[in-house]
$ cat start.cif   # mmCIF, C-alpha atoms
data_my_file
#
loop_
_atom_site.label_atom_id
_atom_site.label_comp_id
_atom_site.auth_asym_id
_atom_site.auth_seq_id
_atom_site.Cartn_x
_atom_site.Cartn_y
_atom_site.Cartn_z
CA MET A 240 17.01 -57.64 4.21
CA VAL A 241 14.01 -55.27 4.02
CA THR A 242 14.78 -51.55 3.89
CA VAL A 243 12.15 -49.22 5.21
CA ASN A 244 11.71 -45.75 3.77
CA LEU A 245 11.40 -43.81 7.03
CA GLY A 246 10.11 -40.74 5.28
CA MET A 247 7.23 -42.71 3.77
CA LEU A 248 6.56 -44.26 7.19
CA HIS A 249 6.20 -40.80 8.79
CA TYR A 250 3.93 -39.69 5.92
CA VAL A 251 1.76 -42.81 6.28
CA LEU A 252 1.57 -42.26 10.05
CA ASP A 253 0.12 -38.80 9.40
CA HIS A 254 -2.52 -40.36 7.12
CA ILE A 255 -3.39 -43.10 9.64
CA TYR A 256 -3.75 -40.51 12.40
CA GLY A 257 -5.74 -38.27 10.03
CA ALA A 258 -8.06 -41.14 9.06
CA PHE A 259 -8.72 -41.92 12.73
CA MET A 260 -9.29 -38.26 13.65
CA HIS A 261 -11.17 -37.03 10.59
CA ARG A 262 -12.68 -39.91 8.58
CA THR A 263 -14.39 -42.15 11.11
CA LYS A 264 -18.14 -41.97 11.77
CA MET A 265 -17.32 -41.12 15.39
CA SER A 266 -15.67 -37.83 14.46
CA THR A 267 -17.61 -34.68 13.61
CA PRO A 268 -16.26 -32.95 10.48
CA PHE A 269 -15.12 -29.34 10.34
CA PHE A 270 -17.77 -26.76 9.32
CA SER A 271 -20.82 -29.03 9.71
CA ARG A 272 -23.04 -25.91 10.09
CA GLY A 273 -21.91 -24.28 6.85
CA TRP A 274 -20.22 -21.01 5.96
CA GLY A 275 -21.46 -18.70 8.73
CA GLY A 276 -23.67 -16.36 6.70
CA THR A 277 -23.30 -12.62 7.35
CA LYS A 278 -20.49 -13.24 9.85
CA LEU A 279 -18.33 -14.54 7.01
CA GLU A 280 -19.03 -11.45 4.87
CA MET A 281 -18.12 -9.17 7.80
CA LEU A 282 -14.87 -11.05 8.48
CA GLU A 283 -13.83 -10.93 4.83
CA ARG A 284 -14.08 -7.12 5.07
CA MET A 285 -12.36 -6.92 8.46
CA ILE A 286 -9.37 -9.07 7.57
CA ASN A 287 -8.50 -6.78 4.69
CA GLN A 288 -8.41 -3.94 7.24
CA LEU A 289 -5.53 -5.67 9.09
CA PHE A 290 -3.08 -4.09 6.68
CA PRO A 291 -2.26 -0.55 7.78
CA GLU A 292 -2.16 1.91 4.88
CA VAL A 293 -0.07 4.24 7.02
CA ALA A 294 2.76 2.99 9.25
CA GLY A 295 1.55 2.68 12.83
CA GLN A 296 -2.14 3.09 11.95
CA ASN A 297 -3.15 -0.02 13.92
CA TRP A 298 -0.72 0.58 16.77
CA PRO A 299 -0.70 0.62 19.74
CA PRO A 300 -3.47 -1.91 20.43
CA LYS A 301 -5.73 -1.69 23.47
CA LEU A 302 -3.68 -2.13 26.64
CA ILE A 303 -5.02 -5.16 28.47
CA GLU A 304 -5.06 -5.57 32.26
CA PRO A 305 -4.79 -9.26 33.13
CA VAL A 306 -6.00 -10.42 36.55
CA TRP A 307 -3.53 -12.99 37.88
CA ARG A 308 -3.52 -15.92 40.28
CA THR A 309 -0.38 -17.81 41.26
CA VAL A 310 -0.45 -21.55 40.41
CA TRP A 311 2.94 -22.26 42.01
CA GLU A 312 6.06 -20.38 42.99
CA THR A 313 9.60 -21.40 43.95
CA LYS A 314 12.72 -19.35 44.63
CA ASN A 315 13.71 -19.73 40.96
CA ALA A 316 10.44 -19.42 39.00
CA SER A 317 6.69 -18.90 39.09
CA LEU A 318 3.67 -20.01 37.10
CA ARG A 319 0.68 -17.67 37.01
CA GLU A 320 -2.61 -17.86 35.15
CA GLY A 321 -4.35 -14.69 34.04
CA VAL A 322 -7.65 -13.64 32.51
CA PHE A 323 -8.54 -10.50 30.57
CA ARG A 324 -11.38 -9.32 28.37
CA THR A 325 -10.50 -9.91 24.74
CA PRO A 326 -9.41 -6.57 23.22
CA CYS A 327 -11.36 -7.21 20.00
CA GLU A 328 -13.44 -4.32 18.71
CA GLU A 329 -17.21 -4.39 19.28
CA GLN A 330 -18.13 -5.74 15.84
CA LEU A 331 -15.78 -8.70 16.27
CA LEU A 332 -16.84 -9.19 19.89
CA GLY A 333 -20.46 -9.45 18.76
CA ALA A 334 -19.54 -12.25 16.34
CA LEU A 335 -17.51 -14.22 18.91
CA PRO A 336 -19.36 -16.78 21.07
CA PRO A 337 -19.86 -15.48 24.64
CA GLU A 338 -17.58 -18.26 25.95
CA SER A 339 -14.67 -16.71 24.02
CA HIS A 340 -15.04 -13.15 25.35
CA THR A 341 -12.64 -13.78 28.25
CA ALA A 342 -9.08 -14.65 27.25
CA ARG A 343 -6.88 -16.93 29.37
CA VAL A 344 -3.09 -17.10 29.58
CA ALA A 345 -0.45 -19.03 31.52
CA PHE A 346 2.78 -17.18 32.32
CA LEU A 347 5.91 -19.17 33.26
CA MET A 348 8.71 -16.87 34.37
CA PRO A 349 12.20 -17.36 35.81
CA LYS A 350 13.31 -15.11 38.67
CA SER A 351 17.03 -15.10 37.93
CA VAL A 352 17.17 -11.64 36.29
CA SER A 353 14.90 -8.63 35.85
CA PRO A 354 12.53 -8.56 32.82
CA ASN A 355 14.65 -6.00 30.95
CA ARG A 356 17.45 -8.63 30.81
CA MET A 357 15.04 -11.42 29.95
CA ALA A 358 13.11 -12.53 26.85
CA CYS A 359 9.50 -13.68 26.69
CA VAL A 360 7.90 -15.75 23.95
CA ILE A 361 4.14 -16.07 23.39
CA HIS A 362 3.10 -19.61 22.36
CA LEU A 363 -0.06 -19.82 20.22
CA ALA A 364 -2.25 -22.94 19.95
CA GLY A 365 -2.18 -25.46 17.14
CA THR A 366 -5.35 -27.20 15.93
CA GLY A 367 -6.81 -29.19 18.82
CA ASP A 368 -4.48 -27.81 21.52
CA HIS A 369 -7.06 -27.01 24.21
CA THR A 370 -4.79 -26.76 27.28
CA PHE A 371 -1.65 -24.96 28.47
CA GLU A 372 0.34 -28.11 29.36
CA ARG A 373 2.05 -29.07 26.09
CA ARG A 374 3.23 -25.54 25.39
CA LEU A 375 4.41 -25.05 28.99
CA ARG A 376 6.46 -28.26 28.60
CA LEU A 377 7.97 -26.82 25.41
CA GLY A 378 8.86 -23.54 27.11
CA GLY A 379 9.88 -24.86 30.54
CA PRO A 380 13.48 -25.86 29.73
CA LEU A 381 14.08 -22.40 28.21
CA MET A 382 13.88 -20.80 31.66
CA LYS A 383 17.55 -21.68 32.20
CA GLU A 384 18.26 -19.42 29.19
CA ASN A 385 16.30 -16.59 30.87
CA ILE A 386 13.39 -17.03 28.46
CA ALA A 387 9.88 -16.72 29.90
CA THR A 388 6.88 -18.45 28.30
CA MET A 389 3.38 -17.04 27.88
CA VAL A 390 0.70 -19.45 26.60
CA LEU A 391 -2.56 -18.09 25.15
CA GLU A 392 -5.69 -20.23 25.11
CA SER A 393 -7.31 -19.73 21.70
CA PRO A 394 -10.87 -18.53 21.24
CA PHE A 395 -13.11 -21.56 20.48
CA TYR A 396 -10.71 -23.82 22.48
CA GLY A 397 -10.45 -25.07 26.06
CA GLN A 398 -12.62 -23.07 28.45
CA ARG A 399 -13.40 -20.69 25.57
CA ARG A 400 -15.07 -23.40 23.46
CA PRO A 401 -18.73 -22.85 22.49
CA VAL A 402 -21.15 -25.32 24.10
CA LEU A 403 -22.28 -26.84 20.78
CA GLN A 404 -18.77 -27.34 19.35
CA ARG A 405 -17.25 -30.82 19.64
CA GLY A 406 -13.52 -30.78 20.29
CA ALA A 407 -11.63 -28.63 17.79
CA LYS A 408 -14.21 -29.13 15.01
CA LEU A 409 -15.31 -25.56 14.33
CA LEU A 410 -18.97 -25.35 13.31
CA CYS A 411 -18.70 -22.73 10.53
CA VAL A 412 -16.02 -21.48 8.15
CA SER A 413 -16.51 -18.02 9.70
CA ASP A 414 -15.37 -19.50 13.06
CA LEU A 415 -11.93 -20.25 11.59
CA LEU A 416 -11.50 -16.62 10.49
CA LEU A 417 -12.92 -15.37 13.81
CA LEU A 418 -10.51 -17.56 15.77
CA GLY A 419 -7.59 -16.25 13.72
CA ARG A 420 -8.55 -12.58 13.86
CA ALA A 421 -9.23 -12.67 17.64
CA THR A 422 -5.99 -14.58 18.30
CA ILE A 423 -4.03 -11.95 16.36
CA GLU A 424 -5.64 -9.09 18.32
CA GLU A 425 -5.03 -10.80 21.67
CA ALA A 426 -1.42 -11.72 20.85
CA ARG A 427 -0.65 -8.17 19.69
CA SER A 428 -2.09 -6.78 22.93
CA LEU A 429 -0.06 -9.29 24.95
CA LEU A 430 3.17 -8.29 23.16
CA HIS A 431 2.35 -4.64 23.90
CA TRP A 432 1.70 -5.52 27.57
CA LEU A 433 4.99 -7.46 27.85
CA ASP A 434 6.84 -4.47 26.40
CA TYR A 435 5.00 -1.51 27.92
CA ALA A 436 3.83 -2.86 31.30
CA GLU A 437 6.48 -5.49 32.08
CA GLY A 438 9.52 -4.11 30.25
CA PHE A 439 10.91 -7.31 28.70
CA GLY A 440 14.20 -6.83 26.88
CA LYS A 441 13.31 -9.10 23.95
CA MET A 442 10.11 -10.73 22.74
CA GLY A 443 9.10 -13.52 20.40
CA ILE A 444 6.04 -15.32 19.12
CA CYS A 445 5.78 -18.97 18.12
CA GLY A 446 3.18 -21.61 17.35
CA LEU A 447 2.75 -25.08 15.94
CA SER A 448 0.66 -25.77 12.84
CA MET A 449 -2.31 -23.34 12.89
CA GLY A 450 -0.59 -21.51 15.77
CA GLY A 451 2.42 -20.97 13.52
CA VAL A 452 0.27 -19.28 10.86
CA HIS A 453 -1.07 -16.91 13.51
CA ALA A 454 2.43 -16.34 14.92
CA ALA A 455 3.71 -15.41 11.44
CA MET A 456 0.87 -12.90 11.04
CA VAL A 457 1.48 -11.31 14.46
CA GLY A 458 5.25 -11.12 13.90
CA SER A 459 4.66 -9.56 10.48
CA LEU A 460 2.38 -6.83 11.84
CA HIS A 461 4.49 -5.94 14.91
CA PRO A 462 6.05 -2.47 14.57
CA THR A 463 9.36 -3.42 16.22
CA PRO A 464 11.58 -6.51 15.76
CA VAL A 465 10.34 -9.70 17.44
CA ALA A 466 11.52 -13.28 16.94
CA THR A 467 8.91 -15.02 14.77
CA LEU A 468 8.92 -18.81 14.95
CA PRO A 469 6.31 -20.80 12.97
CA PHE A 470 6.68 -24.57 13.48
CA LEU A 471 5.18 -27.19 11.10
CA SER A 472 3.08 -24.41 9.59
CA PRO A 473 1.66 -23.75 6.11
CA HIS A 474 1.68 -20.34 4.45
CA SER A 475 -2.14 -20.39 4.37
CA ALA A 476 -5.14 -22.32 5.74
CA VAL A 477 -5.94 -23.15 2.09
CA VAL A 478 -3.12 -25.70 2.19
CA ALA A 479 -4.42 -27.38 5.36
CA PHE A 480 -8.10 -27.63 4.36
CA CYS A 481 -7.86 -27.97 0.57
CA GLU A 482 -4.61 -29.91 0.02
CA GLY A 483 -3.54 -31.66 3.25
CA ILE A 484 -5.22 -34.37 5.31
CA LEU A 485 -7.83 -32.01 6.81
CA LYS A 486 -9.63 -31.91 3.46
CA HIS A 487 -10.92 -35.39 4.41
CA GLY A 488 -12.33 -33.99 7.66
CA THR A 489 -14.28 -31.11 6.08
CA ALA A 490 -18.08 -31.20 5.65
CA TRP A 491 -18.05 -30.41 1.93
CA GLU A 492 -21.62 -31.65 1.38
CA ALA A 493 -22.95 -29.48 4.24
CA LEU A 494 -21.15 -26.48 2.74
CA ARG A 495 -22.71 -27.21 -0.66
CA GLU A 496 -26.18 -27.54 0.90
CA ASP A 497 -25.72 -24.24 2.76
CA LEU A 498 -25.07 -22.51 -0.56
CA ALA A 499 -28.01 -24.34 -2.18
CA ALA A 500 -30.29 -22.95 0.58
CA GLN A 501 -29.16 -19.49 -0.56
CA LYS A 502 -30.22 -20.40 -4.12
CA VAL A 503 -26.61 -20.87 -5.23
CA ALA A 504 -26.22 -24.13 -7.14
CA MET A 505 -22.67 -25.47 -6.97
CA THR A 506 -20.82 -28.70 -7.61
CA LEU A 507 -18.50 -29.97 -4.88
CA GLU A 508 -15.58 -28.73 -6.98
CA ASP A 509 -17.14 -25.25 -7.02
CA VAL A 510 -17.50 -25.45 -3.23
CA ARG A 511 -13.82 -26.30 -2.87
CA GLU A 512 -12.94 -23.34 -5.08
CA ARG A 513 -15.05 -21.02 -2.92
CA MET A 514 -13.25 -22.38 0.15
CA ARG A 515 -9.91 -21.60 -1.51
CA ASN A 516 -11.05 -18.03 -2.17
CA VAL A 517 -12.28 -17.48 1.39
CA LEU A 518 -9.20 -19.04 3.03
CA SER A 519 -6.86 -17.07 0.77
CA LEU A 520 -7.48 -14.31 3.35
CA THR A 521 -5.17 -16.32 5.64
CA ASP A 522 -2.28 -16.30 3.13
CA VAL A 523 0.70 -15.03 5.13
CA THR A 524 2.62 -14.13 1.96
CA ARG A 525 0.16 -11.18 1.64
CA PHE A 526 1.44 -9.82 4.95
CA PRO A 527 4.35 -7.35 5.26
CA VAL A 528 7.89 -8.68 5.75
CA PRO A 529 8.66 -8.64 9.51
CA LYS A 530 10.91 -5.84 10.81
CA SER A 531 13.73 -8.31 11.50
CA PRO A 532 13.45 -11.13 8.92
CA ASN A 533 16.70 -12.74 10.10
CA ALA A 534 14.89 -13.46 13.42
CA VAL A 535 12.25 -15.48 11.54
CA ILE A 536 12.96 -19.22 11.72
CA PHE A 537 10.55 -21.76 10.21
CA VAL A 538 10.90 -25.36 11.37
CA ALA A 539 9.31 -27.77 8.88
CA ALA A 540 9.07 -31.56 8.56
CA THR A 541 10.50 -33.48 5.61
CA ASP A 542 7.50 -35.84 5.23
CA ASP A 543 4.51 -33.85 6.48
CA GLY A 544 1.13 -35.23 5.38
CA TYR A 545 -0.62 -32.05 6.47
CA ILE A 546 1.78 -29.38 5.16
CA PRO A 547 3.49 -29.86 1.75
CA LYS A 548 7.06 -28.57 1.37
CA HIS A 549 6.13 -26.02 -1.30
CA SER A 550 3.97 -24.18 1.25
CA VAL A 551 6.87 -23.57 3.65
CA LEU A 552 9.18 -22.49 0.83
CA GLU A 553 6.61 -19.95 -0.41
CA LEU A 554 6.82 -18.16 2.93
CA GLN A 555 10.60 -18.18 2.96
CA LYS A 556 10.58 -16.74 -0.56
CA ALA A 557 8.11 -14.00 0.47
CA TRP A 558 10.27 -13.06 3.47
CA PRO A 559 13.89 -12.79 2.22
CA GLY A 560 16.38 -13.23 5.05
CA SER A 561 14.23 -15.74 6.94
CA GLU A 562 15.51 -19.27 7.61
CA VAL A 563 13.93 -22.71 7.13
CA ARG A 564 15.14 -25.64 9.23
CA TRP A 565 14.06 -29.18 8.36
CA VAL A 566 13.46 -31.98 10.84
CA THR A 567 13.08 -35.59 9.75
CA GLY A 568 9.53 -36.78 10.22
CA GLY A 569 5.87 -36.18 9.57
CA HIS A 570 3.48 -33.71 11.18
CA VAL A 571 2.48 -35.95 14.08
CA SER A 572 5.90 -37.52 14.77
CA SER A 573 7.70 -34.13 14.62
CA PHE A 574 5.11 -32.63 16.97
CA ILE A 575 6.10 -35.34 19.48
CA LEU A 576 9.81 -35.92 18.82
CA HIS A 577 11.40 -32.59 17.87
CA ASN A 578 10.76 -30.27 20.82
CA ASP A 579 14.50 -29.72 21.23
CA GLU A 580 14.68 -28.38 17.66
CA PHE A 581 11.78 -26.03 18.36
CA ARG A 582 13.53 -24.79 21.52
CA ARG A 583 16.79 -24.27 19.62
CA ALA A 584 14.95 -22.17 17.02
CA ILE A 585 13.35 -20.06 19.78
CA LYS A 586 16.74 -19.41 21.39
CA ASP A 587 18.46 -18.68 18.06
CA GLY A 588 15.68 -16.35 16.88
CA LEU A 589 15.91 -14.32 20.11
CA ASP A 590 19.73 -14.27 19.90
CA ARG A 591 19.42 -12.46 16.56
CA LEU A 592 17.57 -9.53 18.16
CA PRO A 593 19.22 -6.61 19.94
CA TRP A 594 18.31 -5.94 23.56
CA LYS A 595 15.80 -3.16 23.98
CA GLU A 596 17.40 -0.07 25.47
CA SER A 597 16.32 0.54 29.05
CA GLN A 598 13.59 3.13 29.35
CA LEU A 599 15.05 5.46 31.98
#

$ encode --input "start.cif" --output "structure tokens"
Amino acid sequence: MVTVNLGMLHYVLDHIYGAFMHRTKMSTPFFSRGWGGTKLEMLERMINQLFPEVAGQNWPPKLIEPVWRTVWETKNASLREGVFRTPCEEQLLGALPPESHTARVAFLMPKSVSPNRMACVIHLAGTGDHTFERRLRLGGPLMKENIATMVLESPFYGQRRPVLQRGAKLLCVSDLLLLGRATIEEARSLLHWLDYAEGFGKMGICGLSMGGVHAAMVGSLHPTPVATLPFLSPHSAVVAFCEGILKHGTAWEALREDLAAQKVAMTLEDVRERMRNVLSLTDVTRFPVPKSPNAVIFVAATDDGYIPKHSVLELQKAWPGSEVRWVTGGHVSSFILHNDEFRRAIKDGLDRLPWKESQL
């Protein structure tokens, strides 16, 4: 009788998928146009400004005014899609591609109770998630728990993707930081809108993979308690691009040549070290502990080829009181098979928050 190590099978599946997506001649690598020049220098400065020296310094964000159209409506629920101008400051707006200036959201909402007796969770995009559908499917069954779902289309993705970009393969390293910074600003403004304009009684933020990193950052910076739910997420983009499978899909030679054109001679190992330094800006353990750490639930996979276990545990250690839940599988198989576990974490995280007092 042959025994199969299922964990190894899941891990190998991640590598097979990764080889197909990132190592074939058909696929464009990440960062084929280099570092991003002066944009990268500007973003390195701006990301350090995310941390308020004084409580409340970066709050409230700009209040957005989405323009809505109804996709469908029944007596029990409605799905609307909205657009709004990204609330990013002018310097950031100038660095974003024009296609990304208008943000898009889908808003799935039950009608059973008023918003002040309802929760809403914002779902942020993982790498390569260009549409609303998968995240709407994740959130849909939660409507029976009186949990609404808001799905944000990321800058550089879907209808916001620059013309020259192929799929999710960002052209420059600066694009990754731009995507993250703009997503954080937009998600913070959406949370403010859900609270201030719509009056939801509880709020949360979640995301898979890259979306989970952004969700952790947004939850950390929010001035009041929100459920923060990173799924299959590392503590930093360093892990994804320098340790996990995505390192095989990165244009290391193009990055080295870009530096050589600036009269900086580097070995490939030096280039990888520079990448580590730049992406350390995305290290969530540098961010403040969220206001309600017991409403932070990480869901991680036991045999993830993209995200090593140590990365998840570093975040839990940095945020005492948070919880890690493990699902059996790899990155790809868990993404497909464990939606019920993600939904349970969303519900449990929200259950650990108090209801906001009605603003009379």

$ atom_distance --input "start.cif" --atom1 "CA of Ile361 in chain A" --atom2 "CA of Asp587 in chain A"
15.5 Å

$ resolve_selection --input "start.cif" --expression "the PyMOL selection byres ((chain A and resi 472) around 10)" --output "ChimeraX atom specification"
/A:365,446-455,468-471,473-476,478-479,537-540,545-547,550-551,554,570

$ residues_around --input "start.cif" --residues "range 267-277 of chain A" --least-positions-apart "2" --cutoff "9 Å" --atoms "only C-alpha atoms" --output "ChimeraX atom specification"
/A:261-265,279-282,405-414,485,487-498

$ closest_residue --input "start.cif" --among "A:Gln330, A:Ser519, A:Gln398, A:Ser266" --to "Thr370 in chain A" --atoms "all atoms listed in the file"
A:Gln398

$ atom_distance --input "start.cif" --atom1 "CA of Leu302 in chain A" --atom2 "CA of Arg525 in chain A"
26.9 Å

$ resolve_selection --input "start.cif" --expression "the PyMOL selection byres ((chain A and resi 518) around 9)" --output "list in words"
Val412, Leu416, Ser475, Ala476, Val477, Phe480, Arg513, Met514, Arg515, Asn516, Val517, Ser519, Leu520, Thr521 and Asp522 of chain A

$ closest_residue --input "start.cif" --among "A:Leu318, A:Leu433, A:Ala358, A:Met348" --to "Glu372 in chain A" --atoms "only C-alpha atoms"
A:Leu318

$ axis_aligned_box --input "start.cif" --around "range 303-306 of chain A" --padding-each-side "3 Å" --output "AutoDock Vina command-line options"
--center_x -5.4 --center_y -7.8 --center_z 32.5 --size_x 7.2 --size_y 11.3 --size_z 14.1

$ atom_distance --input "start.cif" --atom1 "CA of Arg582 in chain A" --atom2 "CA of Val566 in chain A"
12.9 Å

$ residues_near_point --input "start.cif" --point "(9.2, -22.8, 27.7)" --cutoff "10 Å" --atoms "only C-alpha atoms" --output "number ranges by chain"
A: 346-348, 359-362, 373-390, 582, 585

$ residues_near_point --input "start.cif" --point "(-8.3, -22.0, 29.0)" --cutoff "10 Å" --atoms "all atoms listed in the file" --output "ChimeraX atom specification"
/A:320-322,339,341-345,369-371,390-400

$ build_atoms --input "start.cif" --residues "range 405-414 of chain A" --atoms "all heavy atoms" --output "JSON list (two decimals), in the coordinates of the input"
[["chain", "number", "residue", "atom", "x", "y", "z"],
["A", 405, "ARG", "N", -17.89, -29.59, 19.15],
["A", 405, "ARG", "CA", -17.25, -30.82, 19.64],
["A", 405, "ARG", "C", -15.75, -30.77, 19.37],
["A", 405, "ARG", "O", -15.32, -30.66, 18.23],
["A", 405, "ARG", "CB", -17.87, -32.04, 18.97],
["A", 405, "ARG", "CG", -19.35, -32.21, 19.34],
["A", 405, "ARG", "CD", -19.90, -33.55, 18.94],
["A", 405, "ARG", "NE", -19.13, -34.67, 19.47],
["A", 405, "ARG", "CZ", -19.35, -35.94, 19.13],
["A", 405, "ARG", "NH1", -20.30, -36.22, 18.27],
["A", 405, "ARG", "NH2", -18.62, -36.89, 19.64],
["A", 406, "GLY", "N", -14.97, -30.82, 20.44],
["A", 406, "GLY", "CA", -13.52, -30.78, 20.29],
["A", 406, "GLY", "C", -13.07, -29.53, 19.55],
["A", 406, "GLY", "O", -13.51, -28.42, 19.83],
["A", 407, "ALA", "N", -12.17, -29.75, 18.56],
["A", 407, "ALA", "CA", -11.63, -28.63, 17.79],
["A", 407, "ALA", "C", -12.40, -28.41, 16.50],
["A", 407, "ALA", "O", -12.03, -27.56, 15.69],
["A", 407, "ALA", "CB", -10.17, -28.90, 17.46],
["A", 408, "LYS", "N", -13.50, -29.18, 16.29],
["A", 408, "LYS", "CA", -14.21, -29.13, 15.01],
["A", 408, "LYS", "C", -15.12, -27.90, 14.96],
["A", 408, "LYS", "O", -16.27, -27.93, 15.39],
["A", 408, "LYS", "CB", -15.01, -30.43, 14.80],
["A", 408, "LYS", "CG", -14.16, -31.70, 14.81],
["A", 408, "LYS", "CD", -13.13, -31.70, 13.70],
["A", 408, "LYS", "CE", -12.21, -32.90, 13.74],
["A", 408, "LYS", "NZ", -12.87, -34.18, 13.53],
["A", 409, "LEU", "N", -14.57, -26.82, 14.44],
["A", 409, "LEU", "CA", -15.31, -25.56, 14.33],
["A", 409, "LEU", "C", -16.58, -25.78, 13.52],
["A", 409, "LEU", "O", -16.59, -26.54, 12.55],
["A", 409, "LEU", "CB", -14.43, -24.50, 13.66],
["A", 409, "LEU", "CG", -13.10, -24.20, 14.37],
["A", 409, "LEU", "CD1", -12.25, -23.27, 13.51],
["A", 409, "LEU", "CD2", -13.33, -23.59, 15.75],
["A", 410, "LEU", "N", -17.67, -25.10, 13.92],
["A", 410, "LEU", "CA", -18.97, -25.35, 13.31],
["A", 410, "LEU", "C", -19.12, -24.68, 11.95],
["A", 410, "LEU", "O", -19.80, -25.21, 11.06],
["A", 410, "LEU", "CB", -20.08, -24.85, 14.25],
["A", 410, "LEU", "CG", -20.20, -25.61, 15.58],
["A", 410, "LEU", "CD1", -21.16, -24.91, 16.52],
["A", 410, "LEU", "CD2", -20.65, -27.05, 15.33],
["A", 411, "CYS", "N", -18.54, -23.50, 11.78],
["A", 411, "CYS", "CA", -18.70, -22.73, 10.53],
["A", 411, "CYS", "C", -17.33, -22.26, 10.02],
["A", 411, "CYS", "O", -16.39, -22.09, 10.81],
["A", 411, "CYS", "CB", -19.57, -21.51, 10.76],
["A", 411, "CYS", "SG", -21.24, -21.88, 11.32],
["A", 412, "VAL", "N", -17.25, -22.01, 8.73],
["A", 412, "VAL", "CA", -16.02, -21.48, 8.15],
["A", 412, "VAL", "C", -15.70, -20.13, 8.79],
["A", 412, "VAL", "O", -14.53, -19.81, 9.05],
["A", 412, "VAL", "CB", -16.16, -21.35, 6.62],
["A", 412, "VAL", "CG1", -14.93, -20.67, 6.01],
["A", 412, "VAL", "CG2", -16.38, -22.72, 5.98],
["A", 413, "SER", "N", -16.74, -19.33, 9.07],
["A", 413, "SER", "CA", -16.51, -18.02, 9.70],
["A", 413, "SER", "C", -15.80, -18.16, 11.05],
["A", 413, "SER", "O", -15.05, -17.27, 11.45],
["A", 413, "SER", "CB", -17.83, -17.27, 9.88],
["A", 413, "SER", "OG", -18.72, -18.02, 10.68],
["A", 414, "ASP", "N", -16.02, -19.30, 11.76],
["A", 414, "ASP", "CA", -15.37, -19.50, 13.06],
["A", 414, "ASP", "C", -13.85, -19.56, 12.91],
["A", 414, "ASP", "O", -13.11, -19.10, 13.79],
["A", 414, "ASP", "CB", -15.86, -20.79, 13.72],
["A", 414, "ASP", "CG", -17.31, -20.71, 14.17],
["A", 414, "ASP", "OD1", -17.86, -19.59, 14.19],
["A", 414, "ASP", "OD2", -17.90, -21.76, 14.49]]
